[in-house]
>>> print(open('my_file_37.csv').read())   # CSV, C-alpha atoms
chain,number,residue,atom,x,y,z
D,1,MET,CA,36.5,67.6,-33.8
D,2,LYS,CA,35.5,64.8,-36.0
D,3,GLY,CA,37.8,62.6,-38.1
D,4,PRO,CA,37.8,62.9,-41.8
D,5,ARG,CA,34.2,62.9,-43.0
D,6,ARG,CA,33.7,60.7,-45.9
D,7,SER,CA,31.5,62.2,-48.5
D,8,GLY,CA,28.3,60.2,-49.1
D,9,LEU,CA,28.5,58.4,-45.7
D,10,PRO,CA,25.0,58.4,-44.3
D,11,ARG,CA,24.8,60.4,-41.2
D,12,ARG,CA,22.9,57.6,-39.5
D,13,ILE,CA,25.7,55.1,-39.9
D,14,LEU,CA,28.2,57.6,-38.6
D,15,LEU,CA,26.1,58.4,-35.6
D,16,LYS,CA,25.5,54.7,-35.0
D,17,GLY,CA,29.2,54.1,-35.1
D,18,LEU,CA,29.8,56.9,-32.6
D,19,ALA,CA,27.1,55.7,-30.3
D,20,ALA,CA,28.5,52.2,-30.4
D,21,SER,CA,32.0,53.5,-29.6
D,22,LEU,CA,30.7,55.6,-26.8
D,23,THR,CA,28.7,52.6,-25.4
D,24,LEU,CA,31.6,50.2,-25.7
D,25,LEU,CA,34.2,52.5,-24.4
D,26,TRP,CA,32.6,54.7,-21.8
D,27,VAL,CA,30.3,52.5,-19.8
D,28,PRO,CA,31.7,53.0,-16.3
D,29,ARG,CA,33.2,49.8,-15.2
D,30,VAL,CA,32.7,49.2,-11.5
D,31,SER,CA,34.6,47.0,-9.1
D,32,ALA,CA,32.6,44.0,-10.2
D,33,ASP,CA,34.9,43.8,-13.1
D,34,LEU,CA,38.0,43.8,-10.9
D,35,GLU,CA,36.4,41.2,-8.8
D,36,ALA,CA,35.7,39.1,-11.9
D,37,ALA,CA,39.3,39.6,-13.1
D,38,LEU,CA,40.7,38.6,-9.7
D,39,GLN,CA,38.4,35.6,-9.7
D,40,ALA,CA,39.6,34.5,-13.2
D,41,ARG,CA,43.3,34.7,-12.2
D,42,PHE,CA,43.3,33.7,-8.6
D,43,GLY,CA,40.1,31.7,-8.0
D,44,ASP,CA,39.0,32.4,-4.4
D,45,ARG,CA,42.3,33.7,-3.3
D,46,ARG,CA,42.3,37.5,-2.6
D,47,PRO,CA,45.4,39.6,-2.0
D,48,ASP,CA,46.4,41.2,1.3
D,49,PRO,CA,47.5,44.8,1.3
D,50,GLY,CA,51.2,45.6,0.9
D,51,GLY,CA,54.2,43.6,-0.3
D,52,VAL,CA,54.3,45.3,-3.7
D,53,GLU,CA,55.0,48.8,-4.9
D,54,LEU,CA,53.3,50.5,-7.8
D,55,GLU,CA,54.8,53.6,-9.2
D,56,VAL,CA,52.6,55.7,-11.5
D,57,SER,CA,51.8,59.4,-11.8
D,58,SER,CA,48.7,60.4,-9.9
D,59,LEU,CA,47.6,62.7,-12.6
D,60,VAL,CA,48.1,61.9,-16.3
D,61,GLU,CA,46.9,63.9,-19.3
D,62,ASN,CA,46.7,61.1,-21.8
D,63,GLY,CA,45.5,57.6,-21.0
D,64,ASN,CA,46.9,56.2,-24.2
D,65,SER,CA,50.4,55.7,-22.7
D,66,VAL,CA,50.9,55.7,-19.0
D,67,ALA,CA,54.3,54.7,-17.5
D,68,VAL,CA,54.1,52.3,-14.6
D,69,THR,CA,56.6,50.4,-12.6
D,70,VAL,CA,55.7,47.4,-10.5
D,71,ARG,CA,58.2,46.2,-7.9
D,72,ALA,CA,58.0,43.6,-5.2
D,73,ASP,CA,58.9,44.6,-1.7
D,74,PRO,CA,62.6,43.8,-1.6
D,75,SER,CA,62.5,43.0,2.1
D,76,GLN,CA,60.3,39.9,1.3
D,77,PRO,CA,61.2,36.8,-0.6
D,78,ALA,CA,60.8,37.4,-4.4
D,79,PRO,CA,57.3,36.5,-5.7
D,80,ALA,CA,56.9,34.3,-8.8
D,81,ALA,CA,54.7,36.8,-10.6
D,82,LEU,CA,53.5,40.4,-10.7
D,83,HIS,CA,50.1,41.2,-12.2
D,84,LEU,CA,48.6,44.5,-13.2
D,85,PHE,CA,44.9,45.3,-13.2
D,86,MET,CA,43.1,48.4,-14.6
D,87,PRO,CA,39.6,47.9,-13.1
D,88,ARG,CA,37.8,50.5,-15.3
D,89,ASN,CA,39.3,49.4,-18.6
D,90,PRO,CA,37.2,47.3,-21.0
D,91,GLU,CA,39.5,44.5,-20.0
D,92,PRO,CA,40.7,44.9,-16.4
D,93,TRP,CA,43.5,42.4,-16.6
D,94,GLY,CA,46.5,44.4,-17.9
D,95,GLY,CA,49.3,41.8,-17.9
D,96,SER,CA,51.2,39.3,-15.9
D,97,PHE,CA,55.0,39.3,-15.5
D,98,ARG,CA,56.6,36.1,-14.3
D,99,ILE,CA,60.1,36.0,-12.8
D,100,LYS,CA,62.7,33.4,-12.1
D,101,PRO,CA,66.1,34.0,-10.6
D,102,PRO,CA,68.3,35.8,-11.4
D,103,ALA,CA,65.6,38.2,-12.6
D,104,LEU,CA,64.5,40.7,-10.1
D,105,ALA,CA,60.8,41.0,-9.3
D,106,GLU,CA,60.2,44.3,-11.0
D,107,PHE,CA,59.2,45.6,-14.4
D,108,SER,CA,58.3,48.9,-16.1
D,109,THR,CA,55.9,49.2,-19.0
D,110,ARG,CA,53.3,51.7,-20.5
D,111,ILE,CA,49.6,51.0,-20.2
D,112,ARG,CA,46.3,52.4,-21.4
D,113,LEU,CA,43.8,53.8,-19.0
D,114,ALA,CA,40.2,54.3,-20.1
D,115,GLY,CA,39.7,56.9,-17.4
D,116,THR,CA,40.3,57.8,-13.8
D,117,GLN,CA,40.6,54.7,-11.7
D,118,ASP,CA,42.5,52.8,-9.0
D,119,LEU,CA,45.3,50.7,-10.6
D,120,MET,CA,46.1,47.5,-8.8
D,121,ALA,CA,49.4,45.6,-8.7
D,122,VAL,CA,49.3,42.1,-7.3
D,123,ALA,CA,52.3,40.0,-6.3
D,124,GLU,CA,51.9,36.2,-6.3
D,125,TRP,CA,54.2,33.8,-4.5
D,126,ASP,CA,54.7,30.2,-5.3
D,127,ASP,CA,53.0,29.2,-2.1
D,128,GLY,CA,49.8,30.9,-3.3
D,129,ARG,CA,50.1,34.0,-1.2
D,130,LEU,CA,49.0,37.3,-2.8
D,131,ALA,CA,49.7,40.9,-2.0
D,132,ALA,CA,48.3,44.0,-3.6
D,133,ARG,CA,48.7,47.7,-3.8
D,134,ALA,CA,46.2,50.0,-5.4
D,135,VAL,CA,47.1,53.5,-6.6
D,136,SER,CA,44.5,56.1,-7.7
D,137,VAL,CA,45.3,57.7,-11.1
D,138,MET,CA,43.3,60.7,-12.4
D,139,VAL,CA,43.2,60.7,-16.2
D,140,THR,CA,42.3,63.9,-18.0
D,141,LEU,CA,41.8,62.3,-21.4
D,142,GLY,CA,41.0,58.6,-21.4
D,143,ALA,CA,42.7,56.1,-23.8
D,144,CYS,CA,39.5,55.8,-25.8
D,145,ALA,CA,38.7,59.5,-26.3
D,146,ASP,CA,40.9,60.2,-29.3
D,147,GLU,CA,40.5,56.7,-30.6
D,148,ILE,CA,36.9,57.4,-31.4
D,149,TYR,CA,38.1,60.1,-33.7
D,150,GLY,CA,41.2,58.2,-34.7
D,151,GLU,CA,42.3,57.3,-38.1
D,152,PHE,CA,40.9,54.2,-39.6
C,1,MET,CA,53.2,45.9,-41.1
C,2,SER,CA,56.8,45.7,-40.2
C,3,LEU,CA,57.5,44.3,-36.8
C,4,SER,CA,60.7,45.6,-35.2
C,5,ALA,CA,62.2,46.1,-31.8
C,6,ARG,CA,64.6,48.4,-30.3
C,7,VAL,CA,66.4,46.8,-27.4
C,8,ARG,CA,69.1,47.8,-25.0
C,9,ILE,CA,71.2,44.9,-23.7
C,10,PRO,CA,74.5,45.7,-21.9
C,11,ALA,CA,77.4,44.0,-23.5
C,12,ALA,CA,79.4,43.6,-20.4
C,13,ALA,CA,78.8,43.4,-16.6
C,14,ARG,CA,80.6,42.5,-13.4
C,15,ALA,CA,79.5,39.3,-11.8
C,16,GLY,CA,76.7,40.1,-9.4
C,17,GLU,CA,75.9,43.4,-11.1
C,18,VAL,CA,72.3,44.2,-11.6
C,19,ILE,CA,71.7,45.1,-15.2
C,20,GLU,CA,68.6,46.4,-17.0
C,21,ILE,CA,67.2,45.4,-20.4
C,22,ARG,CA,64.9,47.8,-22.1
C,23,THR,CA,62.7,46.9,-25.1
C,24,LEU,CA,60.4,48.9,-27.4
C,25,VAL,CA,58.5,47.1,-30.1
C,26,SER,CA,56.7,48.8,-33.1
C,27,HIS,CA,53.2,47.3,-32.8
C,28,PRO,CA,49.7,48.9,-32.9
C,29,MET,CA,48.4,46.7,-30.0
C,30,GLU,CA,44.9,47.1,-31.5
C,31,THR,CA,42.7,46.4,-28.5
C,32,GLY,CA,39.7,44.8,-30.2
C,33,PHE,CA,37.4,47.3,-28.4
C,34,ARG,CA,37.6,50.1,-31.0
C,35,VAL,CA,34.9,50.7,-33.5
C,36,ASP,CA,35.7,52.3,-36.9
C,37,SER,CA,33.7,55.1,-38.4
C,38,PHE,CA,31.3,52.6,-40.0
C,39,GLY,CA,30.4,51.0,-36.7
C,40,ARG,CA,32.5,47.9,-37.3
C,41,ARG,CA,34.6,46.4,-34.5
C,42,VAL,CA,38.3,46.6,-35.3
C,43,PRO,CA,39.7,43.1,-34.7
C,44,ARG,CA,42.1,42.6,-31.9
C,45,ASN,CA,45.8,42.5,-32.9
C,46,ILE,CA,48.1,42.5,-30.0
C,47,LEU,CA,51.4,41.0,-28.9
C,48,THR,CA,50.3,38.4,-26.3
C,49,ARG,CA,53.6,37.0,-25.0
C,50,PHE,CA,57.1,38.0,-24.2
C,51,SER,CA,60.0,35.9,-23.0
C,52,CYS,CA,63.6,36.5,-22.1
C,53,HIS,CA,66.2,33.7,-22.0
C,54,TYR,CA,69.5,34.4,-20.4
C,55,ALA,CA,72.4,31.9,-20.7
C,56,GLY,CA,69.9,29.2,-21.6
C,57,ARG,CA,67.5,29.9,-18.7
C,58,GLU,CA,64.0,31.4,-19.1
C,59,ILE,CA,64.2,34.2,-16.5
C,60,VAL,CA,61.2,36.4,-17.5
C,61,THR,CA,57.9,35.9,-19.3
C,62,MET,CA,55.0,38.3,-19.7
C,63,ASP,CA,51.4,37.9,-20.8
C,64,LEU,CA,50.4,41.1,-22.6
C,65,ARG,CA,46.8,42.2,-22.8
C,66,PRO,CA,45.0,45.0,-24.7
C,67,GLY,CA,45.6,47.4,-21.8
C,68,ILE,CA,49.3,47.5,-22.8
C,69,ALA,CA,49.9,50.7,-24.8
C,70,ALA,CA,50.7,50.7,-28.5
C,71,ASN,CA,54.4,50.2,-29.2
C,72,PRO,CA,54.8,48.2,-26.0
C,73,TYR,CA,57.7,49.1,-23.8
C,74,LEU,CA,59.1,46.7,-21.3
C,75,ALA,CA,62.1,47.1,-19.0
C,76,PHE,CA,63.3,44.7,-16.3
C,77,ARG,CA,66.4,43.9,-14.4
C,78,PHE,CA,68.4,40.9,-13.4
C,79,VAL,CA,71.6,39.9,-11.7
C,80,ALA,CA,74.4,39.1,-14.2
C,81,ASP,CA,75.9,35.9,-13.0
C,82,VAL,CA,77.4,34.2,-16.0
C,83,SER,CA,78.4,35.1,-19.5
C,84,GLY,CA,75.9,34.1,-22.1
C,85,PRO,CA,73.4,35.0,-24.8
C,86,VAL,CA,70.2,37.0,-24.1
C,87,GLU,CA,67.3,36.0,-26.3
C,88,LEU,CA,64.1,38.1,-26.4
C,89,ARG,CA,61.0,36.8,-28.1
C,90,TRP,CA,57.6,38.3,-28.7
C,91,GLU,CA,54.5,36.5,-30.1
C,92,GLY,CA,51.3,38.0,-31.4
C,93,ASP,CA,47.7,37.4,-32.3
C,94,GLN,CA,48.5,37.0,-36.0
C,95,GLY,CA,51.1,34.4,-35.4
C,96,GLU,CA,53.9,36.9,-35.7
C,97,VAL,CA,57.2,36.1,-33.9
C,98,LEU,CA,59.9,38.6,-33.3
C,99,THR,CA,63.2,37.8,-31.8
C,100,GLU,CA,66.1,40.0,-30.7
C,101,GLY,CA,69.1,39.2,-28.8
C,102,GLY,CA,72.6,40.0,-27.5
C,103,HIS,CA,75.4,38.7,-25.5
C,104,ILE,CA,76.5,39.6,-22.0
C,105,GLU,CA,80.1,39.1,-21.1
C,106,VAL,CA,80.4,38.8,-17.3
C,107,THR,CA,83.8,39.4,-15.7
C,108,GLY,CA,84.9,38.3,-12.2
C,109,ALA,CA,83.6,40.3,-9.3
>>> encode(input="my_file_37.csv", output="structure tokens")
Amino acid sequence: MKGPRRSGLPRRILLKGLAASLTLLWVPRVSADLEAALQARFGDRRPDPGGVELEVSSLVENGNSVAVTVRADPSQPAPAALHLFMPRNPEPWGGSFRIKPPALAEFSTRIRLAGTQDLMAVAEWDDGRLAARAVSVMVTLGACADEIYGEF
Amino acid sequence: MSLSARVRIPAAARAGEVIEIRTLVSHPMETGFRVDSFGRRVPRNILTRFSCHYAGREIVTMDLRPGIAANPYLAFRFVADVSGPVELRWEGDQGEVLTEGGHIEVTGA
């Protein structure tokens, strides 16, 4: 289904717009983007597995709003920050949550997912140590799909 | 566009109790990656920063990126240790600032 069709709008422009949308939004992003995002935030440091939990549905119908909870492993000293990465989104860095006592090292939010991908949560300690957990999420309808046809 | 937040801040807690703050802001969180039907890029318009002060201390900050869903929801928890104000603040791309707050009365353990 297309959005409201404006009378008199040249088909070429409409098609160009659609093509541009598709190109911008649906180019498969590979792990090189995650690598670049990690490099931008952490320099040459790379996380070890574990030390942080990531709660998210493994199957979501609509990528526009996906509930996630990131929680540091309570058996370890609390990290200073929790980061969230969506490697196949147009911008892989999703957000960074910084904690100081008495706040607990956990947060819940809702994110966009452009498509099926492996979410990654990274905990960062003051001493520079990083830990990460990746969770695979299958997305039936990506965040961008209905945006192409959305209201403007 | 009217910027408004719905927040849930407990009014009272026992000392040492873990309490949760939930927030929901009305905001489009326009990613800057969308293209309108004329092929023009829709400019980015997101909330970029959140902070929470509790009893004068900054206990939580968050950098928000375009991957955060429209009408951003954020919930977090902390240990109620002293009575004091809770101040929540959001800042956005367009220079908009939204503040919300409450007060937590902490009673002895």
>>> closest_residue(input="my_file_37.csv", among="D:Val122, D:Val70, D:Leu54, D:Val60", to="Leu38 (chain D)", atoms="only C-alpha atoms")
D:Val122
>>> interface_residues(input="my_file_37.csv", of="chain D", to="chain C", cutoff="6 Å", atoms="only C-alpha atoms", output="ChimeraX atom specification")
/D:17,21,65,94-100,102-104,107-112
>>> residues_around(input="my_file_37.csv", residues="Ala121 (chain D)", least_positions_apart="2", cutoff="6 Å", atoms="only C-alpha atoms", output="JSON, numbers by chain")
{"D": [83, 84, 132, 133]}
>>> atom_distance(input="my_file_37.csv", atom1="CA of Gly102 (chain C)", atom2="CA of Ala12 (chain C)")
10.5 Å
>>> atom_distance(input="my_file_37.csv", atom1="CA of Arg45 (chain D)", atom2="CA of Asp127 (chain D)")
11.7 Å
>>> closest_residue(input="my_file_37.csv", among="D:Glu61, D:Glu91, D:Glu55, D:Asp73", to="Ala32 (chain D)", atoms="all atoms listed in the file")
D:Glu91
>>> closest_residue(input="my_file_37.csv", among="C:Ala5, C:Asp93, C:Val25, C:Leu98", to="Arg44 (chain C)", atoms="all atoms listed in the file")
C:Asp93
>>> atom_distance(input="my_file_37.csv", atom1="CA of Glu91 (chain C)", atom2="CA of Arg6 (chain C)")
15.6 Å
>>> closest_residue(input="my_file_37.csv", among="C:Met29, C:Ile21, C:Ala13, C:Leu3", to="Gly101 (chain C)", atoms="all atoms listed in the file")
C:Ile21
>>> closest_residue(input="my_file_37.csv", among="D:Leu119, D:Arg88, D:Ala80, D:Gly43", to="Val68 (chain D)", atoms="all atoms listed in the file")
D:Leu119
>>> decode(input="my_file_37.csv", residues="region 56-103 of chain C", atoms="N, CA and C atoms", output="PDB file, in the first residue's frame")
ATOM      1  N   GLY C  56      20.206  15.995  45.017  1.00  0.00           N
ATOM      2  CA  GLY C  56      21.357  16.816  44.669  1.00  0.00           C
ATOM      3  C   GLY C  56      22.483  16.078  43.971  1.00  0.00           C
ATOM      4  N   ARG C  57      22.350  14.784  43.793  1.00  0.00           N
ATOM      5  CA  ARG C  57      23.411  14.010  43.137  1.00  0.00           C
ATOM      6  C   ARG C  57      22.931  13.544  41.776  1.00  0.00           C
ATOM      7  N   GLU C  58      23.810  13.670  40.793  1.00  0.00           N
ATOM      8  CA  GLU C  58      23.473  13.112  39.476  1.00  0.00           C
ATOM      9  C   GLU C  58      23.711  11.613  39.539  1.00  0.00           C
ATOM     10  N   ILE C  59      22.630  10.841  39.460  1.00  0.00           N
ATOM     11  CA  ILE C  59      22.801   9.391  39.604  1.00  0.00           C
ATOM     12  C   ILE C  59      22.711   8.663  38.268  1.00  0.00           C
ATOM     13  N   VAL C  60      22.070   9.263  37.287  1.00  0.00           N
ATOM     14  CA  VAL C  60      21.890   8.601  35.995  1.00  0.00           C
ATOM     15  C   VAL C  60      21.962   9.639  34.880  1.00  0.00           C
ATOM     16  N   THR C  61      22.676   9.324  33.814  1.00  0.00           N
ATOM     17  CA  THR C  61      22.567  10.110  32.587  1.00  0.00           C
ATOM     18  C   THR C  61      22.419   9.124  31.431  1.00  0.00           C
ATOM     19  N   MET C  62      21.825   9.582  30.358  1.00  0.00           N
ATOM     20  CA  MET C  62      21.744   8.726  29.181  1.00  0.00           C
ATOM     21  C   MET C  62      21.916   9.562  27.927  1.00  0.00           C
ATOM     22  N   ASP C  63      22.748   9.043  27.018  1.00  0.00           N
ATOM     23  CA  ASP C  63      22.841   9.590  25.667  1.00  0.00           C
ATOM     24  C   ASP C  63      21.867   8.819  24.812  1.00  0.00           C
ATOM     25  N   LEU C  64      20.943   9.526  24.182  1.00  0.00           N
ATOM     26  CA  LEU C  64      19.965   8.873  23.322  1.00  0.00           C
ATOM     27  C   LEU C  64      20.353   9.088  21.866  1.00  0.00           C
ATOM     28  N   ARG C  65      20.167   8.061  21.068  1.00  0.00           N
ATOM     29  CA  ARG C  65      20.510   8.113  19.654  1.00  0.00           C
ATOM     30  C   ARG C  65      19.255   7.833  18.829  1.00  0.00           C
ATOM     31  N   PRO C  66      19.344   7.962  17.498  1.00  0.00           N
ATOM     32  CA  PRO C  66      18.135   7.764  16.675  1.00  0.00           C
ATOM     33  C   PRO C  66      17.532   6.373  16.800  1.00  0.00           C
ATOM     34  N   GLY C  67      18.282   5.408  17.280  1.00  0.00           N
ATOM     35  CA  GLY C  67      17.752   4.059  17.444  1.00  0.00           C
ATOM     36  C   GLY C  67      16.799   3.897  18.607  1.00  0.00           C
ATOM     37  N   ILE C  68      16.626   4.954  19.395  1.00  0.00           N
ATOM     38  CA  ILE C  68      15.633   4.909  20.471  1.00  0.00           C
ATOM     39  C   ILE C  68      14.267   5.220  19.853  1.00  0.00           C
ATOM     40  N   ALA C  69      13.264   4.403  20.200  1.00  0.00           N
ATOM     41  CA  ALA C  69      11.956   4.505  19.567  1.00  0.00           C
ATOM     42  C   ALA C  69      11.291   5.847  19.865  1.00  0.00           C
ATOM     43  N   ALA C  70      10.361   6.237  18.985  1.00  0.00           N
ATOM     44  CA  ALA C  70       9.568   7.444  19.199  1.00  0.00           C
ATOM     45  C   ALA C  70       8.874   7.352  20.559  1.00  0.00           C
ATOM     46  N   ASN C  71       8.625   8.512  21.151  1.00  0.00           N
ATOM     47  CA  ASN C  71       8.057   8.587  22.501  1.00  0.00           C
ATOM     48  C   ASN C  71       8.904   7.774  23.476  1.00  0.00           C
ATOM     49  N   PRO C  72      10.143   8.234  23.664  1.00  0.00           N
ATOM     50  CA  PRO C  72      11.116   7.410  24.386  1.00  0.00           C
ATOM     51  C   PRO C  72      10.679   7.066  25.808  1.00  0.00           C
ATOM     52  N   TYR C  73      10.828   5.789  26.090  1.00  0.00           N
ATOM     53  CA  TYR C  73      10.527   5.232  27.406  1.00  0.00           C
ATOM     54  C   TYR C  73      11.848   4.901  28.078  1.00  0.00           C
ATOM     55  N   LEU C  74      11.938   5.241  29.347  1.00  0.00           N
ATOM     56  CA  LEU C  74      13.138   4.877  30.094  1.00  0.00           C
ATOM     57  C   LEU C  74      12.720   4.551  31.521  1.00  0.00           C
ATOM     58  N   ALA C  75      13.180   3.422  31.996  1.00  0.00           N
ATOM     59  CA  ALA C  75      12.943   3.043  33.389  1.00  0.00           C
ATOM     60  C   ALA C  75      14.268   2.631  33.999  1.00  0.00           C
ATOM     61  N   PHE C  76      14.453   2.996  35.254  1.00  0.00           N
ATOM     62  CA  PHE C  76      15.688   2.613  35.939  1.00  0.00           C
ATOM     63  C   PHE C  76      15.399   2.533  37.433  1.00  0.00           C
ATOM     64  N   ARG C  77      16.332   1.974  38.176  1.00  0.00           N
ATOM     65  CA  ARG C  77      16.102   1.754  39.602  1.00  0.00           C
ATOM     66  C   ARG C  77      17.269   2.292  40.416  1.00  0.00           C
ATOM     67  N   PHE C  78      16.997   2.654  41.631  1.00  0.00           N
ATOM     68  CA  PHE C  78      18.072   3.055  42.537  1.00  0.00           C
ATOM     69  C   PHE C  78      17.660   2.785  43.975  1.00  0.00           C
ATOM     70  N   VAL C  79      18.643   2.844  44.840  1.00  0.00           N
ATOM     71  CA  VAL C  79      18.405   2.597  46.260  1.00  0.00           C
ATOM     72  C   VAL C  79      18.041   3.927  46.909  1.00  0.00           C
ATOM     73  N   ALA C  80      16.882   3.962  47.539  1.00  0.00           N
ATOM     74  CA  ALA C  80      16.462   5.174  48.249  1.00  0.00           C
ATOM     75  C   ALA C  80      17.237   5.241  49.557  1.00  0.00           C
ATOM     76  N   ASP C  81      18.118   6.225  49.680  1.00  0.00           N
ATOM     77  CA  ASP C  81      18.912   6.308  50.903  1.00  0.00           C
ATOM     78  C   ASP C  81      18.608   7.561  51.724  1.00  0.00           C
ATOM     79  N   VAL C  82      18.233   8.652  51.072  1.00  0.00           N
ATOM     80  CA  VAL C  82      17.874   9.863  51.822  1.00  0.00           C
ATOM     81  C   VAL C  82      16.644  10.506  51.178  1.00  0.00           C
ATOM     82  N   SER C  83      15.926  11.272  51.987  1.00  0.00           N
ATOM     83  CA  SER C  83      14.813  12.048  51.433  1.00  0.00           C
ATOM     84  C   SER C  83      15.367  13.155  50.551  1.00  0.00           C
ATOM     85  N   GLY C  84      14.656  13.455  49.485  1.00  0.00           N
ATOM     86  CA  GLY C  84      15.129  14.545  48.655  1.00  0.00           C
ATOM     87  C   GLY C  84      14.378  14.617  47.349  1.00  0.00           C
ATOM     88  N   PRO C  85      14.657  15.698  46.608  1.00  0.00           N
ATOM     89  CA  PRO C  85      13.989  15.865  45.325  1.00  0.00           C
ATOM     90  C   PRO C  85      14.566  14.942  44.255  1.00  0.00           C
ATOM     91  N   VAL C  86      13.725  14.612  43.305  1.00  0.00           N
ATOM     92  CA  VAL C  86      14.162  13.887  42.109  1.00  0.00           C
ATOM     93  C   VAL C  86      13.911  14.813  40.925  1.00  0.00           C
ATOM     94  N   GLU C  87      14.963  15.107  40.183  1.00  0.00           N
ATOM     95  CA  GLU C  87      14.849  16.014  39.046  1.00  0.00           C
ATOM     96  C   GLU C  87      15.236  15.272  37.771  1.00  0.00           C
ATOM     97  N   LEU C  88      14.300  15.226  36.843  1.00  0.00           N
ATOM     98  CA  LEU C  88      14.536  14.572  35.559  1.00  0.00           C
ATOM     99  C   LEU C  88      14.620  15.647  34.484  1.00  0.00           C
ATOM    100  N   ARG C  89      15.527  15.468  33.548  1.00  0.00           N
ATOM    101  CA  ARG C  89      15.735  16.502  32.536  1.00  0.00           C
ATOM    102  C   ARG C  89      16.067  15.850  31.193  1.00  0.00           C
ATOM    103  N   TRP C  90      15.419  16.321  30.154  1.00  0.00           N
ATOM    104  CA  TRP C  90      15.704  15.859  28.796  1.00  0.00           C
ATOM    105  C   TRP C  90      16.128  17.067  27.959  1.00  0.00           C
ATOM    106  N   GLU C  91      17.089  16.856  27.054  1.00  0.00           N
ATOM    107  CA  GLU C  91      17.495  17.898  26.110  1.00  0.00           C
ATOM    108  C   GLU C  91      17.448  17.319  24.705  1.00  0.00           C
ATOM    109  N   GLY C  92      17.083  18.177  23.734  1.00  0.00           N
ATOM    110  CA  GLY C  92      16.930  17.682  22.378  1.00  0.00           C
ATOM    111  C   GLY C  92      17.685  18.495  21.350  1.00  0.00           C
ATOM    112  N   ASP C  93      17.629  17.985  20.112  1.00  0.00           N
ATOM    113  CA  ASP C  93      18.318  18.601  18.975  1.00  0.00           C
ATOM    114  C   ASP C  93      17.930  20.052  18.754  1.00  0.00           C
ATOM    115  N   GLN C  94      16.678  20.383  19.032  1.00  0.00           N
ATOM    116  CA  GLN C  94      16.194  21.729  18.729  1.00  0.00           C
ATOM    117  C   GLN C  94      16.363  22.668  19.918  1.00  0.00           C
ATOM    118  N   GLY C  95      17.199  22.280  20.859  1.00  0.00           N
ATOM    119  CA  GLY C  95      17.429  23.108  22.026  1.00  0.00           C
ATOM    120  C   GLY C  95      16.327  23.001  23.060  1.00  0.00           C
ATOM    121  N   GLU C  96      15.387  22.088  22.828  1.00  0.00           N
ATOM    122  CA  GLU C  96      14.300  21.962  23.777  1.00  0.00           C
ATOM    123  C   GLU C  96      14.781  21.310  25.076  1.00  0.00           C
ATOM    124  N   VAL C  97      14.214  21.788  26.170  1.00  0.00           N
ATOM    125  CA  VAL C  97      14.539  21.236  27.478  1.00  0.00           C
ATOM    126  C   VAL C  97      13.230  20.929  28.183  1.00  0.00           C
ATOM    127  N   LEU C  98      13.159  19.738  28.727  1.00  0.00           N
ATOM    128  CA  LEU C  98      11.971  19.325  29.464  1.00  0.00           C
ATOM    129  C   LEU C  98      12.416  18.864  30.840  1.00  0.00           C
ATOM    130  N   THR C  99      11.750  19.366  31.856  1.00  0.00           N
ATOM    131  CA  THR C  99      12.082  18.911  33.203  1.00  0.00           C
ATOM    132  C   THR C  99      10.818  18.406  33.892  1.00  0.00           C
ATOM    133  N   GLU C 100      11.027  17.405  34.696  1.00  0.00           N
ATOM    134  CA  GLU C 100       9.959  16.839  35.511  1.00  0.00           C
ATOM    135  C   GLU C 100      10.588  16.501  36.845  1.00  0.00           C
ATOM    136  N   GLY C 101       9.760  16.385  37.844  1.00  0.00           N
ATOM    137  CA  GLY C 101      10.365  16.051  39.124  1.00  0.00           C
ATOM    138  C   GLY C 101       9.373  15.548  40.134  1.00  0.00           C
ATOM    139  N   GLY C 102       9.913  15.236  41.277  1.00  0.00           N
ATOM    140  CA  GLY C 102       9.110  14.762  42.386  1.00  0.00           C
ATOM    141  C   GLY C 102       9.944  14.812  43.650  1.00  0.00           C
ATOM    142  N   HIS C 103       9.403  14.235  44.683  1.00  0.00           N
ATOM    143  CA  HIS C 103      10.117  14.220  45.952  1.00  0.00           C
ATOM    144  C   HIS C 103       9.909  12.862  46.596  1.00  0.00           C
TER     145      HIS C 103
END
